[in-house]
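Reviewing the structure listed below.
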Amino acid sequence: MKETNTTNESVTSRPVTTPERVADLATLMRSRRSVRQYQDRPVPREMLLQMLEAARWAPSPHGRQPWRFVVLTKPDIKLHLANAMGATWRQNLEMDGQPAEIVNIRLEKSYQRILRAPALIIPCLYLEDLDQYSDARRQEDEKTMAVQSIGAAIQNMLLTAYDLGLDTGWMCAPLFCPEVVCEALELDSRLIPQALITVGYAAADPKRRPRLPLDSLIVHFD
């Protein structure tokens with residue numbers, strides 16, 4: 001999984017804003033950002049645990065909490081995971097017909113995002129405790145509810161991280177190769193990795209994309 005370090009220039013030329021605790025939830029939600037470049041500074045274990053504690057309180061189908069979390073901080077393990085996912089992504093990009101140069105650039109950038117983040121959190125679906133149905137349609141709907149709930153758990157983590165003075169980034173790479181992630185990290189095969197959350201202290205402020213106007217998102221309001 002790579003992305004070429006688009007450069008040391010971009011890190012030094014862009015400002016760095018330190019997250020600060022805010023007084024209200026609305027400001028916290030608007031302030032959270034997605035960071036790709038981090039300082040070489042470890043994240044305290046206690047802060048990571050606070051993020052996971054926040055995730056634990058997300059809503060879930062039947063209150064079953066169908067998620068489990070993997071936390072990585074050791075460079076050698078992060079490198080092993082990046083290499084495993086990168087091999088799969090390279091195959092996919094080549095299958096899409098992308099030029100070798102572009103493939104290498106995209107892979108290098110993703111590698112750097114993973115390796116330079118002080119901590120990684122991998123949220124995984126765990127479906128064993130969900131209701132079981134006799135028909136495929138309802139069973140698939142049950143899984144969809146679990147997927148929706150893990151998104152809520154991740155959002156809780158992201159907001160908590162920002163409130164603690166940390167920054168995060170949400171990568172979806174594990175979603176495309178969950179079995180590769182499980183094998184690389186020797187996880188229970190019943191776990192289904194869904195995302196990779198990078199955690200740390202921003203080395204540069206990210207470029208923020210504008211939000212769509214609210215009235216363009218509401219399709220019916222009676």
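Chain labels A, B, ... are given in the sequence in which chains occur in the structure tokens; within each chain residues are numbered consecutively from 1, and ligands are likewise numbered from 1 in the order shown.
For region 135-143 of chain A, the list of residues within 12 Å, based on only C-alpha atoms and with local chain neighbours fewer than 4 positions off taken out, reads A:Ser60, A:Pro61, A:His62, A:Arg64, A:Pro66, A:Trp67, A:Leu125, A:Tyr126, A:Leu127, A:Glu128, A:Asp129, A:Leu130, A:Asp131, A:Val147, A:Gln148, A:Ser149, A:Ile150, A:Ile192.
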Could you save those same residues with N, CA and C atoms as an mmCIF file, in the first residue's frame?
```cif
data_model
loop_
_atom_site.group_PDB
_atom_site.id
_atom_site.type_symbol
_atom_site.label_atom_id
_atom_site.label_comp_id
_atom_site.auth_asym_id
_atom_site.auth_seq_id
_atom_site.Cartn_x
_atom_site.Cartn_y
_atom_site.Cartn_z
ATOM 1 N N SER A 60 -25.254 -0.139 17.873
ATOM 2 C CA SER A 60 -25.010 -1.351 17.085
ATOM 3 C C SER A 60 -26.280 -2.186 17.016
ATOM 4 N N PRO A 61 -26.405 -3.066 16.004
ATOM 5 C CA PRO A 61 -27.617 -3.883 15.868
ATOM 6 C C PRO A 61 -27.799 -4.817 17.057
ATOM 7 N N HIS A 62 -28.955 -4.704 17.697
ATOM 8 C CA HIS A 62 -29.320 -5.520 18.855
ATOM 9 C C HIS A 62 -28.346 -5.320 20.022
ATOM 10 N N ARG A 64 -25.221 -5.724 19.912
ATOM 11 C CA ARG A 64 -24.235 -6.822 19.884
ATOM 12 C C ARG A 64 -22.792 -6.342 19.715
ATOM 13 N N PRO A 66 -20.716 -5.539 17.025
ATOM 14 C CA PRO A 66 -20.033 -6.482 16.126
ATOM 15 C C PRO A 66 -18.707 -5.961 15.581
ATOM 16 N N TRP A 67 -17.860 -5.479 16.476
ATOM 17 C CA TRP A 67 -16.570 -4.963 16.060
ATOM 18 C C TRP A 67 -15.488 -5.449 17.010
ATOM 19 N N LEU A 125 -14.994 -6.184 11.450
ATOM 20 C CA LEU A 125 -16.326 -6.726 11.717
ATOM 21 C C LEU A 125 -16.198 -8.093 12.366
ATOM 22 N N TYR A 126 -17.107 -8.359 13.295
ATOM 23 C CA TYR A 126 -17.187 -9.683 13.917
ATOM 24 C C TYR A 126 -18.664 -10.052 13.924
ATOM 25 N N LEU A 127 -19.052 -10.939 13.042
ATOM 26 C CA LEU A 127 -20.470 -11.203 12.785
ATOM 27 C C LEU A 127 -21.039 -12.400 13.544
ATOM 28 N N GLU A 128 -20.217 -13.051 14.342
ATOM 29 C CA GLU A 128 -20.641 -14.301 14.976
ATOM 30 C C GLU A 128 -21.803 -14.143 15.944
ATOM 31 N N ASP A 129 -21.955 -12.956 16.531
ATOM 32 C CA ASP A 129 -22.994 -12.769 17.553
ATOM 33 C C ASP A 129 -24.287 -12.173 17.007
ATOM 34 N N LEU A 130 -24.348 -11.943 15.693
ATOM 35 C CA LEU A 130 -25.550 -11.361 15.115
ATOM 36 C C LEU A 130 -26.656 -12.400 14.975
ATOM 37 N N ASP A 131 -27.894 -11.914 14.783
ATOM 38 C CA ASP A 131 -29.020 -12.817 14.584
ATOM 39 C C ASP A 131 -28.824 -13.621 13.301
ATOM 40 N N VAL A 147 -22.164 -3.276 9.378
ATOM 41 C CA VAL A 147 -21.264 -2.368 8.653
ATOM 42 C C VAL A 147 -21.583 -0.923 9.014
ATOM 43 N N GLN A 148 -22.877 -0.598 9.072
ATOM 44 C CA GLN A 148 -23.266 0.765 9.443
ATOM 45 C C GLN A 148 -22.768 1.106 10.841
ATOM 46 N N SER A 149 -22.865 0.147 11.745
ATOM 47 C CA SER A 149 -22.491 0.429 13.131
ATOM 48 C C SER A 149 -20.987 0.592 13.300
ATOM 49 N N ILE A 150 -20.187 -0.121 12.491
ATOM 50 C CA ILE A 150 -18.737 0.049 12.634
ATOM 51 C C ILE A 150 -18.330 1.443 12.153
ATOM 52 N N ILE A 192 -13.211 -9.518 9.987
ATOM 53 C CA ILE A 192 -13.223 -8.956 8.637
ATOM 54 C C ILE A 192 -12.738 -7.511 8.714
#
```
*asked:* Would you pick out the contacts of Arg90 (chain A) at 9 Å or less, using only C-alpha atoms, so that residues sharing its chain but fewer than 4 positions from it are not included, and give the list as a ChimeraX atom specification?
replied: /A:1,85-86,94-95,103-104,107
List every residue of region 130-174 of chain A that has an atom at most 9 Å from any atom of region 40-47 of chain A, giving for each one its closest atom pair and the distance in Å to one decimal, counting only C-alpha atoms, sorted by chain and then by ascending residue number, as CSV.
```
residue,atom,partner,partner_atom,distance
A:Ala161,CA,A:Met47,CA,7.6
A:Leu164,CA,A:Met47,CA,7.3
A:Leu166,CA,A:Val43,CA,8.3
```
*as a PyMOL selection string, please: all residues of chain A that backbone DSSP puts in helix (DSSP H, G or I).*
chain A and resi 8-13+25-31+45-56+61-63+75-95+100-115+136-163+173-176+178-185+214-217
_If you run DSSP on the backbone here, which positions in region 1-218 of chain A get strand (DSSP E or B)? Please write them as a PyMOL selection string._
chain A and resi 3+34+38+67-72+119-126+167-171+191-193+196-200+202
_Point-to-point distance from CA of Gln112 (chain A) to CA of Leu191 (chain A), Å rounded to tenths_ = 25.7 Å
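Atom pair CA of Leu175 (chain A) / CA of Gly200 (chain A) has a distance of 21.9 Å (rounded to one decimal).
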